[in-house]
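Report on the following structure.
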Amino acid sequence: MRTRVRFAPSPTGPLHIGGVRTALYNYLFARQHGGDMILRIEDTDSRRFVPGAEDYINESLRWLGIGIDEGVREGGAYGPYKQSERRDIYRRYARQLLDDGKAYIAFDTPEELEAARAEKPNFQYDAHTRGSMRNSLTLPAEEVKRLIDSGAQYVVRFKIEPDVDVHVHDLIRGEVVINSNILDDKVLYKSADDLPTYHLANIVDDHLMEVSHVIRGEEWLPSAPLHVLLYRAFGWEDIMPQFVHLPLLLKPVGNGKLSKRDGDKLGFPVFPLEWHDPQSGEVSSGYREKGYLPEAVVNFLALLGWNPGDDSELMSMDDLIAKFSFDHCSKAGAKFDYKKGIWFNHEYLMRMDDMQLAELFMPVLRERLAEAGKSADDFGMDYIARAVGMVKGRIEFVQDLWAQGDFFFLAPSSYAEKDVKKRWQADTPAIMEELCGVLEGIDDMTSANAEKIVLDWIAAKGYHLGNVMNAFRLAVVGACRGPHMFDITELMPKTEVLARIRKAISRIDN
Ligand code: GLU
């Protein structure tokens with residue numbers, strides 16, 4: 001049987017990072033088996049539909065490199081891939097269950113249901129209570145017909161047999177037995193909007209789209225046993241997909257499911273891309289806009305609930321495709337260790353080609369230099385790439401390149417007070433003036449050469465090495481920080497280095 005998986009988000013808001021992990025695992029599994037990855041939009045809950053959510057899903061998957069083979073945009077032989085365009089299909093299958101006596105029509109109004117709940121605190125619409133409710137099992141056939149003809153609203157409910165042990169096979173959880181008594185007669189279809197509910201649409205589509213593995217991130221109760229019963233009711237139990245219920249993503253600290261509030265509190269995004277809520281106008285931060293690399297996010301997410309069975313940590317998409325396996329997925333929830341995500345980002349940035357990194361940095365550089373009344377066009381790409389290469393080991397996000405390497409582009413406008421106090425002494429201006437002369441005399445400013453000449457001069461004069469070098473750094477960088485001094489002066493034009501030292505001599509007064 002061909003491997004066919006689907007990612008089936010509901011466009012009810014921005015795709016959550018947990019949904020991204022579900023999509024990723026589906027993708028890894030599909031690619032590993034040379035199968036198909038379907039993107040199905042489950043938009044049957046018309047009240048919760050949010051404009052822009054579908055585009056957001058597409059853009060998120062594209063950014064992360066999670067490829068889709070069949071879907072609304074991609075097309076495919078099993079379409080339409082949007083559930084709101086499949087009403088006829090669901091109506092037909094709801095009818096089939098009704099005709100076979102596996103489902104029934106219920107007319108109970110919201111008020112009636114509420115009254116039933118008020119009367120019986122743990123009321124559940126099921127084999128024990130359905131006999132006292134208003135449905136096609138209790139009303140005469142003519143009354144049912146009359147109600148429908150008169151336009152009364154109704155739902156179709158799944159008639160769940162009581163006290164049946166339902167065996168669910170799950171590739172992560174193994175075999176689990178659930179008694180049907182915990183399930184209620186789930187609504188499968190609503191006449192009010194002529195739409196199925198999630199359960200019916202999901203099962204019918206998985207069947208019609210020939211899905212081989214249902215890999216989902218949702219809590220597995222009550223869906224898993226319910227879906228097994230639905231497959232059985234349709235007579236599809238022999239061609240049921242394999243179920244895989246992924247471990248939940250848990251809060252970084254404390255207990256419970258990861259929520260948006262955890263992200264707000266601890267300062268990490270829970271969405272792949274920034275999201276502008278169309279209703280409230282609220283903006284939620286995204287991994288992309290925060291400066292994460294998609295490769296790092298993929299690597300980080302892959303390890304939330306799965307491990308490769310060895311101690312590899314840095315894995316490309318291809319590595320993940322090769323290594324992925326449900327045997328190494330955990331049943332227990334995975335703590336959302338967002339700091340590990342930052343670590344991954346640092347590692348990927350550090351390994352990135354300097355020129356590529358410089359290109360990512362360009363928008364930030366342009367903005368910062370424009371703020372200072374300067375232009376990024378004054379610097380060649382080679383210069384920027386080399387500057388970036390020198391400081392990339394110290395960053396977590398692309399934006400940090402500015403804080404680490406600003407001095408490559410702007411002369412200091414002030415000098416770190418603490419460093420001035422410690423390193424700029426009474427004789428420093430004279431020594432710096434002398435240093436300018438030494439530098440002027442060096443033809444070959446490559447790092448090792450300039451270093452040797454300057455250190456020889458300091459030694460010959462008997463100057464204090466630390467004080468001279470730190471004053472030099474203070475003048476060029478503005479503080480005692482940054483990469484190796486002579487690497488900086490190898491890159492920076494000598495005229496600029498000299499100008500900065502002279503400016504410091506005239507400006508610093510300790
Ligand atoms: N539309 C469902 C959801 O987003 C899909 C769950 C599934 O994968 O079956 O929760």
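Naming works like this for the structure tokens: A, B, ... for the chains as they're shown, residue 1 at the start of each chain, ligands 1 onward in shown order.
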
(message) I want to know what sits within 12 Å of A:Tyr463, based on only C-alpha atoms, with residues of the same chain fewer than 3 positions away left out; could you give that as a ChimeraX atom specification?
(response) /A:427-428,430-432,434-435,454-460,466-469

Counting only C-alpha atoms and all ligand atoms, what are the residues, protein, DNA or RNA alike, that approach ligand 1 to within 8 Å? I want them as a tab-separated table (two decimals) with N, CA and C atoms, in the first residue's frame.
chain	number	residue	atom	x	y	z
A	6	ARG	N	-1.50	12.90	5.69
A	6	ARG	CA	-2.09	14.22	5.50
A	6	ARG	C	-1.87	15.07	6.74
A	7	PHE	N	-1.70	16.35	6.47
A	7	PHE	CA	-1.72	17.33	7.55
A	7	PHE	C	-3.05	18.04	7.36
A	8	ALA	N	-3.85	18.09	8.45
A	8	ALA	CA	-5.25	18.52	8.28
A	8	ALA	C	-5.62	19.65	9.24
A	9	PRO	N	-5.01	20.81	9.09
A	9	PRO	CA	-5.29	21.90	10.03
A	9	PRO	C	-6.66	22.53	9.79
A	10	SER	N	-7.19	23.11	10.84
A	10	SER	CA	-8.41	23.89	10.73
A	10	SER	C	-8.02	25.36	10.71
A	19	GLY	N	1.25	22.40	15.81
A	19	GLY	CA	0.73	21.98	14.50
A	19	GLY	C	1.86	21.87	13.49
A	41	ILE	N	-7.54	21.17	4.17
A	41	ILE	CA	-8.03	22.28	4.99
A	41	ILE	C	-9.38	21.87	5.60
A	42	GLU	N	-9.40	21.76	6.92
A	42	GLU	CA	-10.61	21.29	7.60
A	42	GLU	C	-11.40	22.49	8.13
A	43	ASP	N	-12.14	23.07	7.21
A	43	ASP	CA	-12.85	24.32	7.54
A	43	ASP	C	-14.36	24.08	7.69
A	198	TYR	N	-16.17	17.74	12.46
A	198	TYR	CA	-14.81	17.25	12.27
A	198	TYR	C	-14.75	15.73	12.14
A	202	ASN	N	-13.44	14.11	8.71
A	202	ASN	CA	-12.09	13.62	8.85
A	202	ASN	C	-11.98	12.14	8.43
A	214	VAL	N	-2.56	8.05	9.77
A	214	VAL	CA	-3.13	9.26	10.36
A	214	VAL	C	-2.21	9.68	11.50
A	215	ILE	N	-1.39	10.68	11.23
A	215	ILE	CA	-0.42	11.13	12.23
A	215	ILE	C	-0.95	12.45	12.77
A	216	ARG	N	-1.42	12.43	14.01
A	216	ARG	CA	-2.03	13.67	14.50
A	216	ARG	C	-1.48	14.07	15.86
A	217	GLY	N	-1.54	15.38	16.09
A	217	GLY	CA	-0.98	15.94	17.32
A	217	GLY	C	-2.04	16.19	18.37
A	218	GLU	N	-3.30	15.93	18.00
A	218	GLU	CA	-4.38	16.21	18.96
A	218	GLU	C	-4.40	15.17	20.06

Could you produce a table of the residues of stretch 159-204 of chain A lying within 7 Å of stretch 115-137 of chain A, with the nearest pair of atoms per residue and their separation in Å rounded to one decimal, using only C-alpha atoms, ordered by chain and increasing residue number, as JSON lines?
{"residue": "A:Ile160", "atom": "CA", "partner": "A:Asp126", "partner_atom": "CA", "distance": 7.0}
{"residue": "A:Glu161", "atom": "CA", "partner": "A:Ala127", "partner_atom": "CA", "distance": 6.8}
{"residue": "A:Pro162", "atom": "CA", "partner": "A:Ala127", "partner_atom": "CA", "distance": 6.1}
{"residue": "A:Asp184", "atom": "CA", "partner": "A:Asp126", "partner_atom": "CA", "distance": 5.0}
{"residue": "A:Asp185", "atom": "CA", "partner": "A:Asp126", "partner_atom": "CA", "distance": 5.2}

(message) Report as a count of residues only all protein, DNA and RNA residues lying within 12 Å of A:Gly309, evaluated on only C-alpha atoms, omitting residues in the same chain fewer than 6 positions from it.
(response) 10

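Between atom CA of A:Val155 and atom CA of A:Tyr104 lies a distance of 8.4 Å.
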
Closest atom pairs, residues of stretch 140-224 of chain A within 10 Å of stretch 45-68 of chain A, only C-alpha atoms, as JSON lines:
{"residue": "A:Asp193", "atom": "CA", "partner": "A:Ser46", "partner_atom": "CA", "distance": 7.9}
{"residue": "A:Leu195", "atom": "CA", "partner": "A:Asp45", "partner_atom": "CA", "distance": 8.0}
{"residue": "A:Pro196", "atom": "CA", "partner": "A:Asp45", "partner_atom": "CA", "distance": 8.6}
{"residue": "A:Thr197", "atom": "CA", "partner": "A:Asp45", "partner_atom": "CA", "distance": 7.1}
{"residue": "A:Tyr198", "atom": "CA", "partner": "A:Asp45", "partner_atom": "CA", "distance": 7.8}

(request) Pick out the residues sitting within 12 Å of A:Pro363, and hand them over as a ChimeraX atom specification; count only C-alpha atoms, and ignore anything fewer than 6 positions along from it in its own chain. (result) /A:289,291,357,369-370,375-377,398-399,401-402

(request) Enumerate the residues of stretch 202-423 of chain A with a DSSP assignment of alpha helix (DSSP H), computed from the backbone, and present them as an MDAnalysis selection string. (result) chainID A and resid 202:208 223:234 260:266 287:290 294:302 317:323 338:351 354:371 381:391 400:405 417:423

(request) Write out as a list of chain:residue names each polymer residue whose atoms come within 10 Å of stretch 257-263 of chain A, counting only C-alpha atoms; drop sequence neighbours fewer than 4 positions from it. (result) A:His16, A:Ile17, A:Gly18, A:Leu248, A:Leu249, A:Leu250, A:Lys251, A:Pro252, A:Val253, A:Gly267, A:Phe268, A:Pro269, A:Val270, A:Phe271, A:Ser284, A:Ser285, A:Gly333, A:Ala334, A:Lys335, A:Phe336, A:Tyr338

Take the residues from that selection and put them in a file with all heavy atoms, as a compact mmCIF listing (two decimals), in the first residue's frame.
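Result went into result-v9.txt, see below:
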# COMPACT_ATOMS: atom_id res chain seq x y z
N HIS A 16 -0.36 26.85 15.13
CA HIS A 16 0.42 26.79 16.36
C HIS A 16 1.70 25.99 16.10
O HIS A 16 1.75 25.16 15.21
CB HIS A 16 -0.45 26.09 17.41
CG HIS A 16 0.07 26.16 18.80
ND1 HIS A 16 0.90 25.20 19.31
CD2 HIS A 16 -0.15 27.05 19.79
CE1 HIS A 16 1.19 25.51 20.57
NE2 HIS A 16 0.56 26.63 20.88
N ILE A 17 2.72 26.24 16.90
CA ILE A 17 4.00 25.57 16.67
C ILE A 17 3.85 24.04 16.83
O ILE A 17 4.55 23.27 16.17
CB ILE A 17 5.10 26.16 17.61
CG1 ILE A 17 6.49 25.82 17.10
CG2 ILE A 17 4.91 25.72 19.05
CD1 ILE A 17 6.91 26.57 15.88
N GLY A 18 2.91 23.61 17.67
CA GLY A 18 2.62 22.18 17.79
C GLY A 18 2.07 21.61 16.49
O GLY A 18 2.41 20.49 16.10
N LEU A 248 2.09 15.15 23.33
CA LEU A 248 1.73 16.57 23.42
C LEU A 248 2.96 17.41 23.69
O LEU A 248 3.94 16.94 24.26
CB LEU A 248 0.76 16.77 24.58
CG LEU A 248 -0.63 16.17 24.44
CD1 LEU A 248 -1.44 16.48 25.70
CD2 LEU A 248 -1.35 16.73 23.22
N LEU A 249 2.88 18.67 23.30
CA LEU A 249 3.94 19.61 23.68
C LEU A 249 3.53 20.25 25.01
O LEU A 249 2.42 20.76 25.16
CB LEU A 249 4.10 20.70 22.61
CG LEU A 249 4.61 20.22 21.26
CD1 LEU A 249 4.87 21.41 20.34
CD2 LEU A 249 5.89 19.41 21.42
N LEU A 250 4.43 20.20 25.97
CA LEU A 250 4.13 20.67 27.31
C LEU A 250 4.82 21.99 27.62
O LEU A 250 5.80 22.36 26.97
CB LEU A 250 4.58 19.63 28.34
CG LEU A 250 4.01 18.22 28.15
CD1 LEU A 250 4.62 17.27 29.17
CD2 LEU A 250 2.49 18.22 28.24
N LYS A 251 4.31 22.67 28.62
CA LYS A 251 4.92 23.93 29.08
C LYS A 251 6.40 23.72 29.40
O LYS A 251 6.76 22.68 29.91
CB LYS A 251 4.25 24.36 30.40
CG LYS A 251 2.80 24.71 30.27
CD LYS A 251 2.27 25.11 31.65
CE LYS A 251 0.80 25.41 31.60
NZ LYS A 251 0.40 26.36 30.54
N PRO A 252 7.23 24.75 29.17
CA PRO A 252 8.65 24.63 29.51
C PRO A 252 8.85 24.43 31.02
O PRO A 252 9.75 23.72 31.44
CB PRO A 252 9.27 25.95 29.07
CG PRO A 252 8.25 26.64 28.25
CD PRO A 252 6.92 26.03 28.53
N VAL A 253 8.02 25.11 31.80
CA VAL A 253 8.08 24.91 33.26
C VAL A 253 6.68 24.65 33.77
O VAL A 253 5.71 25.21 33.27
CB VAL A 253 8.68 26.14 34.00
CG1 VAL A 253 10.17 26.21 33.85
CG2 VAL A 253 8.05 27.45 33.50
N GLY A 267 8.82 34.82 26.87
CA GLY A 267 9.44 35.54 25.75
C GLY A 267 9.88 34.68 24.57
O GLY A 267 10.93 34.92 24.01
N PHE A 268 9.08 33.69 24.22
CA PHE A 268 9.40 32.96 22.99
C PHE A 268 8.11 32.84 22.16
O PHE A 268 7.02 32.84 22.71
CB PHE A 268 9.98 31.57 23.29
CG PHE A 268 9.05 30.65 24.04
CD1 PHE A 268 8.15 29.84 23.36
CD2 PHE A 268 9.06 30.59 25.43
CE1 PHE A 268 7.29 29.00 24.04
CE2 PHE A 268 8.20 29.75 26.12
CZ PHE A 268 7.31 28.95 25.42
N PRO A 269 8.25 32.77 20.84
CA PRO A 269 7.04 32.68 20.00
C PRO A 269 6.44 31.28 20.06
O PRO A 269 7.16 30.30 20.23
CB PRO A 269 7.56 32.96 18.58
CG PRO A 269 9.01 33.29 18.70
CD PRO A 269 9.48 32.84 20.03
N VAL A 270 5.13 31.20 19.91
CA VAL A 270 4.48 29.89 19.76
C VAL A 270 3.88 29.75 18.36
O VAL A 270 3.17 28.80 18.09
CB VAL A 270 3.39 29.63 20.82
CG1 VAL A 270 3.98 29.61 22.22
CG2 VAL A 270 2.28 30.66 20.73
N PHE A 271 4.23 30.70 17.50
CA PHE A 271 3.76 30.63 16.11
C PHE A 271 4.97 30.70 15.18
O PHE A 271 5.95 31.38 15.48
CB PHE A 271 2.83 31.80 15.80
CG PHE A 271 1.61 31.83 16.69
CD1 PHE A 271 1.36 32.91 17.51
CD2 PHE A 271 0.72 30.76 16.70
CE1 PHE A 271 0.25 32.94 18.34
CE2 PHE A 271 -0.39 30.78 17.53
CZ PHE A 271 -0.63 31.87 18.35
N SER A 284 1.09 38.78 17.26
CA SER A 284 1.80 37.74 17.99
C SER A 284 3.10 37.45 17.28
O SER A 284 3.14 37.35 16.05
CB SER A 284 0.97 36.46 18.04
OG SER A 284 -0.30 36.72 18.60
N SER A 285 4.16 37.30 18.06
CA SER A 285 5.48 37.15 17.45
C SER A 285 5.63 35.78 16.80
O SER A 285 4.98 34.81 17.17
CB SER A 285 6.57 37.36 18.49
OG SER A 285 6.59 36.27 19.38
N GLY A 333 4.47 13.37 27.07
CA GLY A 333 4.56 14.69 26.45
C GLY A 333 6.00 15.20 26.44
O GLY A 333 6.84 14.76 27.23
N ALA A 334 6.26 16.13 25.54
CA ALA A 334 7.61 16.68 25.41
C ALA A 334 7.61 18.12 25.92
O ALA A 334 6.84 18.95 25.44
CB ALA A 334 8.03 16.64 23.95
N LYS A 335 8.47 18.39 26.87
CA LYS A 335 8.58 19.75 27.38
C LYS A 335 9.13 20.67 26.29
O LYS A 335 10.10 20.33 25.63
CB LYS A 335 9.52 19.78 28.59
CG LYS A 335 8.78 19.66 29.90
CD LYS A 335 9.59 20.24 31.05
CE LYS A 335 8.99 19.91 32.41
NZ LYS A 335 7.60 20.32 32.59
N PHE A 336 8.50 21.81 26.14
CA PHE A 336 8.91 22.74 25.09
C PHE A 336 10.11 23.55 25.59
O PHE A 336 9.97 24.62 26.17
CB PHE A 336 7.75 23.66 24.73
CG PHE A 336 7.97 24.41 23.45
CD1 PHE A 336 7.76 23.79 22.23
CD2 PHE A 336 8.40 25.72 23.47
CE1 PHE A 336 7.97 24.47 21.04
CE2 PHE A 336 8.62 26.41 22.28
CZ PHE A 336 8.40 25.78 21.07
N TYR A 338 12.35 25.87 24.98
CA TYR A 338 12.60 26.92 23.98
C TYR A 338 14.05 27.38 23.97
O TYR A 338 14.56 27.86 22.97
CB TYR A 338 11.66 28.12 24.21
CG TYR A 338 11.94 28.88 25.48
CD1 TYR A 338 12.68 30.06 25.45
CD2 TYR A 338 11.49 28.42 26.70
CE1 TYR A 338 12.96 30.75 26.61
CE2 TYR A 338 11.76 29.11 27.87
CZ TYR A 338 12.50 30.28 27.81
OH TYR A 338 12.79 30.95 28.96

(request) Using only C-alpha atoms, determine which residues lie at most 10 Å from A:Ala475, disregarding the query and same-chain residues fewer than 2 positions distant; provide the list as number ranges by chain. (result) A: 411-412, 414-415, 420, 424, 432, 469-473, 477-480, 497-505, 507-508

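Among the residues of stretch 54-126 of chain A, backbone DSSP assigns strand (DSSP E or B) to Glu70, Gly71, Gly75, Lys82, Ala103, Tyr104, Ile105 and Ala106 of chain A.
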
(message) Quick one: residues within 10 Å of A:Asp400, only C-alpha atoms, excluding same-chain residues fewer than 6 positions away - as a ChimeraX atom specification?
(response) /A:291,361,364,391-392,394,406

Those residues with N, CA, C and O atoms, as a short mmCIF file (atom, residue, chain, number, x, y, z; two decimals), in the first residue's frame please?
data_model
loop_
_atom_site.label_atom_id
_atom_site.label_comp_id
_atom_site.auth_asym_id
_atom_site.auth_seq_id
_atom_site.Cartn_x
_atom_site.Cartn_y
_atom_site.Cartn_z
N GLY A 291 14.02 36.10 14.04
CA GLY A 291 15.39 35.88 13.56
C GLY A 291 15.85 34.43 13.65
O GLY A 291 17.05 34.16 13.66
N PHE A 361 21.48 39.56 6.99
CA PHE A 361 21.72 40.69 7.88
C PHE A 361 21.41 42.03 7.20
O PHE A 361 21.16 43.04 7.86
N VAL A 364 18.59 44.45 8.38
CA VAL A 364 18.88 45.04 9.70
C VAL A 364 19.93 46.13 9.55
O VAL A 364 19.79 47.25 10.06
N VAL A 391 32.04 37.92 13.92
CA VAL A 391 31.24 38.01 15.16
C VAL A 391 30.12 36.97 15.25
O VAL A 391 29.44 36.89 16.26
N LYS A 392 29.98 36.15 14.22
CA LYS A 392 28.81 35.26 14.20
C LYS A 392 28.83 34.22 15.33
O LYS A 392 27.79 33.70 15.71
N ARG A 394 29.15 34.78 18.28
CA ARG A 394 28.60 35.35 19.52
C ARG A 394 27.11 35.66 19.44
O ARG A 394 26.59 36.37 20.29
N ASP A 406 28.50 46.34 15.19
CA ASP A 406 28.15 47.70 14.76
C ASP A 406 29.37 48.54 14.41
O ASP A 406 29.36 49.32 13.46
#

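When atom CA of A:Glu347 is paired with atom CA of A:Val297, their separation reads 11.5 Å.
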
(request) May I ask which of the residues A:Tyr348, A:Ser150, A:Asp277, A:Trp236 is the closest one to A:Pro294, counting only C-alpha atoms? (result) A:Tyr348

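The residue that comes closest to A:Met317, out of A:Asn255, A:Thr446, A:Thr495, A:Gln32 and on the basis of only C-alpha atoms, is A:Gln32.
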
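If only C-alpha atoms are the atoms counted, then among A:Arg173, A:Lys265, A:His484, A:Arg288 the closest residue to A:Ala332 is A:Arg173.
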
Using only C-alpha atoms, what table do you get, as JSON lines, when you list each residue of stretch 13-40 of chain A with an atom no more than 9 Å from stretch 78-93 of chain A, its nearest pair of atoms, and their distance in Å rounded to one decimal, rows by chain then rising number?
{"residue": "A:Ile38", "atom": "CA", "partner": "A:Tyr81", "partner_atom": "CA", "distance": 8.4}
{"residue": "A:Leu39", "atom": "CA", "partner": "A:Tyr81", "partner_atom": "CA", "distance": 7.2}
{"residue": "A:Arg40", "atom": "CA", "partner": "A:Tyr81", "partner_atom": "CA", "distance": 5.0}

File dump, residues just selected, all heavy atoms, as a PDB file, in the first residue's frame:
ATOM      1  N   ILE A  38      -0.271  15.168   1.918  1.00  0.00           N
ATOM      2  CA  ILE A  38      -1.485  15.906   1.550  1.00  0.00           C
ATOM      3  C   ILE A  38      -1.706  17.038   2.553  1.00  0.00           C
ATOM      4  O   ILE A  38      -1.480  16.850   3.750  1.00  0.00           O
ATOM      5  CB  ILE A  38      -2.707  14.954   1.610  1.00  0.00           C
ATOM      6  CG1 ILE A  38      -2.491  13.737   0.704  1.00  0.00           C
ATOM      7  CG2 ILE A  38      -3.999  15.692   1.265  1.00  0.00           C
ATOM      8  CD1 ILE A  38      -3.451  12.587   0.990  1.00  0.00           C
ATOM      9  N   LEU A  39      -2.128  18.176   2.061  1.00  0.00           N
ATOM     10  CA  LEU A  39      -2.554  19.251   2.968  1.00  0.00           C
ATOM     11  C   LEU A  39      -4.059  19.425   2.774  1.00  0.00           C
ATOM     12  O   LEU A  39      -4.526  19.805   1.697  1.00  0.00           O
ATOM     13  CB  LEU A  39      -1.830  20.561   2.645  1.00  0.00           C
ATOM     14  CG  LEU A  39      -2.310  21.784   3.458  1.00  0.00           C
ATOM     15  CD1 LEU A  39      -2.066  21.594   4.947  1.00  0.00           C
ATOM     16  CD2 LEU A  39      -1.611  23.056   2.987  1.00  0.00           C
ATOM     17  N   ARG A  40      -4.802  19.105   3.809  1.00  0.00           N
ATOM     18  CA  ARG A  40      -6.264  19.192   3.722  1.00  0.00           C
ATOM     19  C   ARG A  40      -6.754  20.271   4.673  1.00  0.00           C
ATOM     20  O   ARG A  40      -6.392  20.279   5.850  1.00  0.00           O
ATOM     21  CB  ARG A  40      -6.871  17.841   4.108  1.00  0.00           C
ATOM     22  CG  ARG A  40      -8.382  17.804   3.916  1.00  0.00           C
ATOM     23  CD  ARG A  40      -8.912  16.409   4.098  1.00  0.00           C
ATOM     24  NE  ARG A  40      -8.880  15.975   5.474  1.00  0.00           N
ATOM     25  CZ  ARG A  40      -8.556  14.739   5.872  1.00  0.00           C
ATOM     26  NH1 ARG A  40      -8.209  13.817   4.990  1.00  0.00           N
ATOM     27  NH2 ARG A  40      -8.564  14.424   7.138  1.00  0.00           N
TER      28      ARG A  40
END
